[in-house]
file model-v3.txt (compact mmCIF, C-alpha atoms)
# COMPACT_ATOMS: atom_id res chain seq x y z
CA MET A 1 50.84 -6.48 -29.52
CA SER A 2 50.85 -2.88 -28.43
CA SER A 3 47.73 -1.51 -26.80
CA GLU A 4 48.22 1.75 -28.71
CA THR A 5 45.27 2.56 -30.95
CA ILE A 6 45.76 2.71 -34.71
CA PHE A 7 43.42 5.14 -36.51
CA PHE A 8 42.44 4.49 -40.14
CA SER A 9 42.16 7.44 -42.53
CA TYR A 10 40.77 6.56 -45.96
CA SER A 11 38.20 7.36 -48.61
CA ARG A 12 34.83 5.59 -48.49
CA VAL A 13 35.49 4.56 -52.09
CA ASP A 14 38.16 2.23 -50.67
CA SER A 15 35.90 0.77 -47.96
CA ALA A 16 36.00 -2.87 -49.06
CA PHE A 17 39.82 -3.00 -48.86
CA VAL A 18 39.98 -0.97 -45.63
CA LEU A 19 37.33 -3.03 -43.83
CA LYS A 20 39.12 -6.28 -44.67
CA LEU A 21 42.50 -4.91 -43.59
CA ALA A 22 41.10 -3.47 -40.35
CA LYS A 23 39.32 -6.71 -39.45
CA ASP A 24 42.44 -8.76 -40.25
CA LEU A 25 44.60 -6.49 -38.06
CA ARG A 26 42.05 -6.60 -35.24
CA ASP A 27 41.91 -10.40 -35.47
CA ALA A 28 45.74 -10.43 -35.26
CA GLY A 29 45.55 -8.53 -31.97
CA PHE A 30 46.07 -4.93 -33.04
CA ASN A 31 43.97 -2.23 -31.38
CA ILE A 32 42.50 -0.46 -34.41
CA TRP A 33 39.87 2.26 -34.74
CA LEU A 34 37.76 2.50 -37.88
CA ASP A 35 34.74 4.73 -38.20
CA GLN A 36 32.57 2.05 -39.84
CA LEU A 37 33.29 -0.39 -37.01
CA ASP A 38 33.62 1.89 -34.00
CA ILE A 39 31.20 4.83 -34.21
CA ARG A 40 28.13 3.83 -32.25
CA PRO A 41 24.66 4.67 -33.56
CA GLY A 42 23.55 8.09 -32.37
CA ASN A 43 27.09 9.40 -31.85
CA ARG A 44 28.13 12.45 -33.83
CA TRP A 45 30.54 11.45 -36.60
CA ASP A 46 32.83 14.50 -36.30
CA ASP A 47 33.08 14.27 -32.49
CA SER A 48 33.84 10.55 -32.70
CA ILE A 49 36.55 11.11 -35.32
CA GLN A 50 38.21 13.85 -33.27
CA ALA A 51 38.15 11.81 -30.06
CA ALA A 52 39.63 8.78 -31.82
CA LEU A 53 42.34 10.89 -33.45
CA ASN A 54 43.23 12.40 -30.08
CA GLN A 55 43.49 8.96 -28.45
CA SER A 56 45.41 7.25 -31.26
CA GLY A 57 49.19 7.10 -31.39
CA THR A 58 49.38 5.93 -34.98
CA LEU A 59 47.46 6.78 -38.15
CA ILE A 60 47.35 4.51 -41.18
CA VAL A 61 46.44 6.54 -44.24
CA VAL A 62 45.26 4.49 -47.20
CA LEU A 63 46.42 6.47 -50.21
CA SER A 64 44.36 6.30 -53.39
CA PRO A 65 43.32 8.95 -55.90
CA SER A 66 40.07 9.36 -53.97
CA SER A 67 41.67 9.68 -50.53
CA VAL A 68 44.27 12.19 -51.73
CA ALA A 69 41.41 14.32 -53.07
CA SER A 70 39.49 14.09 -49.77
CA GLU A 71 39.62 17.13 -47.50
CA ASN A 72 38.70 14.96 -44.51
CA VAL A 73 41.58 12.55 -45.11
CA MET A 74 44.07 15.37 -45.61
CA ASP A 75 42.80 17.08 -42.42
CA GLU A 76 43.26 13.86 -40.45
CA VAL A 77 46.79 13.39 -41.78
CA ALA A 78 47.70 17.03 -41.08
CA PHE A 79 46.38 16.70 -37.52
CA ALA A 80 48.37 13.50 -36.95
CA ILE A 81 51.58 15.05 -38.28
CA GLY A 82 51.03 18.22 -36.26
CA ASP A 83 50.45 16.15 -33.13
CA LYS A 84 53.63 14.13 -33.84
CA LYS A 85 51.78 10.83 -34.22
CA ASN A 86 53.22 7.95 -36.22
CA VAL A 87 51.85 8.13 -39.76
CA ILE A 88 51.99 4.99 -41.89
CA PRO A 89 51.17 5.59 -45.55
CA LEU A 90 49.69 2.60 -47.36
CA LEU A 91 49.52 2.94 -51.14
CA LEU A 92 46.43 1.27 -52.58
CA ILE A 93 46.97 0.29 -56.20
CA ALA A 94 43.81 -0.71 -58.01
call {"tool": "encode", "arguments": {"input": "model-v3.txt", "output": "structure tokens"}}
result
Amino acid sequence: MSSETIFFSYSRVDSAFVLKLAKDLRDAGFNIWLDQLDIRPGNRWDDSIQAALNQSGTLIVVLSPSSVASENVMDEVAFAIGDKKNVIPLLLIA
């Protein structure tokens, strides 16, 4: 596996699916970063997100009606595209 970090961008509404996927990928040897698993207590959420985005080479965006409506998700995707990171869209069909 690559040591490159994969950042997850998603809506909290989709947390159950995203947590399972992230844990499965981590168990398979991928280096993933997910806010719910990797932001330590006491750390500022926005600073942690920005640092992880800067350090990640790939962004997986979980697309759902809720995530597409999220300003935070769209900001993360725009940053990744602007920074020429790999962006992997994953369509979540409920």
call {"tool": "closest_residue", "arguments": {"input": "model-v3.txt", "among": "A:Ser9, A:Gln36, A:Gln55, A:Ser3", "to": "A:Met74", "atoms": "only C-alpha atoms"}}
result
A:Ser9
call {"tool": "residues_around", "arguments": {"input": "model-v3.txt", "residues": "A:Tyr10", "least_positions_apart": "3", "cutoff": "6 Å", "atoms": "all atoms listed in the file", "output": "PyMOL selection string"}}
result
chain A and resi 61-62+67
call {"tool": "closest_residue", "arguments": {"input": "model-v3.txt", "among": "A:Leu90, A:Leu21, A:Ala28, A:Val73", "to": "A:Leu53", "atoms": "all atoms listed in the file"}}
result
A:Val73
call {"tool": "atom_distance", "arguments": {"input": "model-v3.txt", "atom1": "atom CA of A:Ile32", "atom2": "atom CA of A:Gly82"}}
result
20.6 Å
call {"tool": "closest_residue", "arguments": {"input": "model-v3.txt", "among": "A:Val87, A:Ala78, A:Ala51, A:Ala69", "to": "A:Phe8", "atoms": "only C-alpha atoms"}}
result
A:Val87
call {"tool": "axis_aligned_box", "arguments": {"input": "model-v3.txt", "around": "stretch 72-90 of chain A", "padding_each_side": "4 Å", "output": "lines of an AutoDock Vina configuration file"}}
result
center_x = 46.2
center_y = 10.4
center_z = -40.2
size_x = 22.9
size_y = 23.6
size_z = 22.2
call {"tool": "atom_distance", "arguments": {"input": "model-v3.txt", "atom1": "atom CA of A:Asn31", "atom2": "atom CA of A:Ala94"}}
result
26.7 Å
call {"tool": "closest_residue", "arguments": {"input": "model-v3.txt", "among": "A:Arg12, A:Thr5, A:Lys20, A:Ile39", "to": "A:Asn72", "atoms": "only C-alpha atoms"}}
result
A:Arg12
call {"tool": "residues_near_point", "arguments": {"input": "model-v3.txt", "point": "(48.9, 15.8, -30.3)", "cutoff": "12 Å", "atoms": "all atoms listed in the file", "output": "list of chain:residue names"}}
result
A:Gln50, A:Ala51, A:Ala52, A:Leu53, A:Asn54, A:Gln55, A:Ser56, A:Gly57, A:Thr58, A:Glu76, A:Val77, A:Ala78, A:Phe79, A:Ala80, A:Ile81, A:Gly82, A:Asp83, A:Lys84, A:Lys85, A:Asn86
call {"tool": "residues_around", "arguments": {"input": "model-v3.txt", "residues": "A:Leu19", "least_positions_apart": "4", "cutoff": "9 Å", "atoms": "all atoms listed in the file", "output": "list in words"}}
result
Asp14, Ser15, Lys23, Asp24, Leu34, Gln36 and Leu37 of chain A
call {"tool": "atom_distance", "arguments": {"input": "model-v3.txt", "atom1": "atom CA of A:Val68", "atom2": "atom CA of A:Arg44"}}
result
24.1 Å
call {"tool": "closest_residue", "arguments": {"input": "model-v3.txt", "among": "A:Leu63, A:Ile6, A:Val13, A:Val18", "to": "A:Trp33", "atoms": "all atoms listed in the file"}}
result
A:Ile6
call {"tool": "closest_residue", "arguments": {"input": "model-v3.txt", "among": "A:Leu59, A:Glu71, A:Asn43, A:Leu91", "to": "A:Glu4", "atoms": "all atoms listed in the file"}}
result
A:Leu59
call {"tool": "decode", "arguments": {"input": "model-v3.txt", "residues": "stretch 21-59 of chain A", "atoms": "N, CA and C atoms", "output": "PDB file, in the first residue's frame"}}
result
ATOM      1  N   LEU A  21     -16.470   2.246   5.941  1.00  0.00           N
ATOM      2  CA  LEU A  21     -15.548   2.248   4.809  1.00  0.00           C
ATOM      3  C   LEU A  21     -14.135   2.635   5.253  1.00  0.00           C
ATOM      4  N   ALA A  22     -14.028   3.679   6.048  1.00  0.00           N
ATOM      5  CA  ALA A  22     -12.715   4.150   6.508  1.00  0.00           C
ATOM      6  C   ALA A  22     -12.014   3.076   7.342  1.00  0.00           C
ATOM      7  N   LYS A  23     -12.725   2.456   8.243  1.00  0.00           N
ATOM      8  CA  LYS A  23     -12.126   1.401   9.072  1.00  0.00           C
ATOM      9  C   LYS A  23     -11.717   0.201   8.222  1.00  0.00           C
ATOM     10  N   ASP A  24     -12.543  -0.167   7.237  1.00  0.00           N
ATOM     11  CA  ASP A  24     -12.196  -1.278   6.345  1.00  0.00           C
ATOM     12  C   ASP A  24     -10.941  -0.959   5.533  1.00  0.00           C
ATOM     13  N   LEU A  25     -10.849   0.263   5.013  1.00  0.00           N
ATOM     14  CA  LEU A  25      -9.664   0.653   4.250  1.00  0.00           C
ATOM     15  C   LEU A  25      -8.421   0.690   5.140  1.00  0.00           C
ATOM     16  N   ARG A  26      -8.570   1.215   6.346  1.00  0.00           N
ATOM     17  CA  ARG A  26      -7.438   1.251   7.276  1.00  0.00           C
ATOM     18  C   ARG A  26      -6.985  -0.169   7.616  1.00  0.00           C
ATOM     19  N   ASP A  27      -7.939  -1.057   7.856  1.00  0.00           N
ATOM     20  CA  ASP A  27      -7.606  -2.460   8.162  1.00  0.00           C
ATOM     21  C   ASP A  27      -6.902  -3.135   6.982  1.00  0.00           C
ATOM     22  N   ALA A  28      -7.210  -2.668   5.756  1.00  0.00           N
ATOM     23  CA  ALA A  28      -6.593  -3.230   4.547  1.00  0.00           C
ATOM     24  C   ALA A  28      -5.212  -2.619   4.275  1.00  0.00           C
ATOM     25  N   GLY A  29      -4.798  -1.672   5.121  1.00  0.00           N
ATOM     26  CA  GLY A  29      -3.458  -1.116   4.993  1.00  0.00           C
ATOM     27  C   GLY A  29      -3.371   0.267   4.389  1.00  0.00           C
ATOM     28  N   PHE A  30      -4.507   0.878   4.077  1.00  0.00           N
ATOM     29  CA  PHE A  30      -4.483   2.233   3.529  1.00  0.00           C
ATOM     30  C   PHE A  30      -4.291   3.246   4.656  1.00  0.00           C
ATOM     31  N   ASN A  31      -3.606   4.318   4.349  1.00  0.00           N
ATOM     32  CA  ASN A  31      -3.372   5.403   5.304  1.00  0.00           C
ATOM     33  C   ASN A  31      -4.487   6.427   5.103  1.00  0.00           C
ATOM     34  N   ILE A  32      -5.533   6.321   5.907  1.00  0.00           N
ATOM     35  CA  ILE A  32      -6.687   7.220   5.739  1.00  0.00           C
ATOM     36  C   ILE A  32      -6.725   8.235   6.880  1.00  0.00           C
ATOM     37  N   TRP A  33      -7.402   9.366   6.593  1.00  0.00           N
ATOM     38  CA  TRP A  33      -7.630  10.380   7.616  1.00  0.00           C
ATOM     39  C   TRP A  33      -9.113  10.699   7.619  1.00  0.00           C
ATOM     40  N   LEU A  34      -9.724  10.543   8.778  1.00  0.00           N
ATOM     41  CA  LEU A  34     -11.150  10.814   8.954  1.00  0.00           C
ATOM     42  C   LEU A  34     -11.313  11.601  10.243  1.00  0.00           C
ATOM     43  N   ASP A  35     -12.029  12.699  10.156  1.00  0.00           N
ATOM     44  CA  ASP A  35     -12.157  13.580  11.315  1.00  0.00           C
ATOM     45  C   ASP A  35     -12.614  12.846  12.568  1.00  0.00           C
ATOM     46  N   GLN A  36     -13.609  11.968  12.446  1.00  0.00           N
ATOM     47  CA  GLN A  36     -14.152  11.274  13.618  1.00  0.00           C
ATOM     48  C   GLN A  36     -13.151  10.309  14.251  1.00  0.00           C
ATOM     49  N   LEU A  37     -12.170   9.874  13.483  1.00  0.00           N
ATOM     50  CA  LEU A  37     -11.178   8.941  14.009  1.00  0.00           C
ATOM     51  C   LEU A  37      -9.864   9.625  14.374  1.00  0.00           C
ATOM     52  N   ASP A  38      -9.577  10.770  13.751  1.00  0.00           N
ATOM     53  CA  ASP A  38      -8.223  11.306  13.830  1.00  0.00           C
ATOM     54  C   ASP A  38      -8.070  12.695  14.450  1.00  0.00           C
ATOM     55  N   ILE A  39      -9.156  13.371  14.768  1.00  0.00           N
ATOM     56  CA  ILE A  39      -9.012  14.646  15.484  1.00  0.00           C
ATOM     57  C   ILE A  39      -8.979  14.326  16.975  1.00  0.00           C
ATOM     58  N   ARG A  40      -7.890  14.704  17.596  1.00  0.00           N
ATOM     59  CA  ARG A  40      -7.719  14.419  19.029  1.00  0.00           C
ATOM     60  C   ARG A  40      -8.535  15.409  19.869  1.00  0.00           C
ATOM     61  N   PRO A  41      -9.017  14.944  21.019  1.00  0.00           N
ATOM     62  CA  PRO A  41      -9.755  15.840  21.912  1.00  0.00           C
ATOM     63  C   PRO A  41      -8.926  17.086  22.237  1.00  0.00           C
ATOM     64  N   GLY A  42      -9.580  18.219  22.187  1.00  0.00           N
ATOM     65  CA  GLY A  42      -8.910  19.479  22.494  1.00  0.00           C
ATOM     66  C   GLY A  42      -8.340  20.183  21.272  1.00  0.00           C
ATOM     67  N   ASN A  43      -8.176  19.461  20.160  1.00  0.00           N
ATOM     68  CA  ASN A  43      -7.684  20.100  18.941  1.00  0.00           C
ATOM     69  C   ASN A  43      -8.823  20.847  18.253  1.00  0.00           C
ATOM     70  N   ARG A  44      -8.469  21.956  17.640  1.00  0.00           N
ATOM     71  CA  ARG A  44      -9.469  22.735  16.908  1.00  0.00           C
ATOM     72  C   ARG A  44      -9.838  21.991  15.629  1.00  0.00           C
ATOM     73  N   TRP A  45     -11.141  21.834  15.406  1.00  0.00           N
ATOM     74  CA  TRP A  45     -11.646  21.091  14.253  1.00  0.00           C
ATOM     75  C   TRP A  45     -11.139  21.695  12.950  1.00  0.00           C
ATOM     76  N   ASP A  46     -11.305  23.013  12.764  1.00  0.00           N
ATOM     77  CA  ASP A  46     -10.942  23.635  11.484  1.00  0.00           C
ATOM     78  C   ASP A  46      -9.438  23.574  11.217  1.00  0.00           C
ATOM     79  N   ASP A  47      -8.618  23.736  12.241  1.00  0.00           N
ATOM     80  CA  ASP A  47      -7.168  23.624  12.062  1.00  0.00           C
ATOM     81  C   ASP A  47      -6.768  22.194  11.702  1.00  0.00           C
ATOM     82  N   SER A  48      -7.407  21.226  12.345  1.00  0.00           N
ATOM     83  CA  SER A  48      -7.115  19.817  12.072  1.00  0.00           C
ATOM     84  C   SER A  48      -7.498  19.439  10.649  1.00  0.00           C
ATOM     85  N   ILE A  49      -8.658  19.918  10.205  1.00  0.00           N
ATOM     86  CA  ILE A  49      -9.114  19.647   8.836  1.00  0.00           C
ATOM     87  C   ILE A  49      -8.125  20.229   7.832  1.00  0.00           C
ATOM     88  N   GLN A  50      -7.733  21.484   8.026  1.00  0.00           N
ATOM     89  CA  GLN A  50      -6.832  22.139   7.084  1.00  0.00           C
ATOM     90  C   GLN A  50      -5.478  21.441   7.036  1.00  0.00           C
ATOM     91  N   ALA A  51      -4.948  21.067   8.179  1.00  0.00           N
ATOM     92  CA  ALA A  51      -3.657  20.372   8.217  1.00  0.00           C
ATOM     93  C   ALA A  51      -3.749  19.031   7.497  1.00  0.00           C
ATOM     94  N   ALA A  52      -4.833  18.301   7.732  1.00  0.00           N
ATOM     95  CA  ALA A  52      -4.995  16.993   7.079  1.00  0.00           C
ATOM     96  C   ALA A  52      -5.161  17.154   5.574  1.00  0.00           C
ATOM     97  N   LEU A  53      -5.918  18.154   5.150  1.00  0.00           N
ATOM     98  CA  LEU A  53      -6.065  18.412   3.708  1.00  0.00           C
ATOM     99  C   LEU A  53      -4.715  18.733   3.079  1.00  0.00           C
ATOM    100  N   ASN A  54      -3.935  19.560   3.750  1.00  0.00           N
ATOM    101  CA  ASN A  54      -2.617  19.933   3.222  1.00  0.00           C
ATOM    102  C   ASN A  54      -1.707  18.718   3.073  1.00  0.00           C
ATOM    103  N   GLN A  55      -1.799  17.780   3.996  1.00  0.00           N
ATOM    104  CA  GLN A  55      -0.890  16.632   4.023  1.00  0.00           C
ATOM    105  C   GLN A  55      -1.372  15.460   3.166  1.00  0.00           C
ATOM    106  N   SER A  56      -2.621  15.495   2.738  1.00  0.00           N
ATOM    107  CA  SER A  56      -3.185  14.384   1.974  1.00  0.00           C
ATOM    108  C   SER A  56      -2.932  14.563   0.482  1.00  0.00           C
ATOM    109  N   GLY A  57      -2.694  13.442  -0.186  1.00  0.00           N
ATOM    110  CA  GLY A  57      -2.508  13.479  -1.633  1.00  0.00           C
ATOM    111  C   GLY A  57      -3.768  13.128  -2.391  1.00  0.00           C
ATOM    112  N   THR A  58      -4.705  12.502  -1.677  1.00  0.00           N
ATOM    113  CA  THR A  58      -5.951  12.053  -2.293  1.00  0.00           C
ATOM    114  C   THR A  58      -7.118  12.402  -1.386  1.00  0.00           C
ATOM    115  N   LEU A  59      -8.239  12.770  -2.008  1.00  0.00           N
ATOM    116  CA  LEU A  59      -9.469  13.057  -1.279  1.00  0.00           C
ATOM    117  C   LEU A  59     -10.551  12.148  -1.823  1.00  0.00           C
TER     118      LEU A  59
END
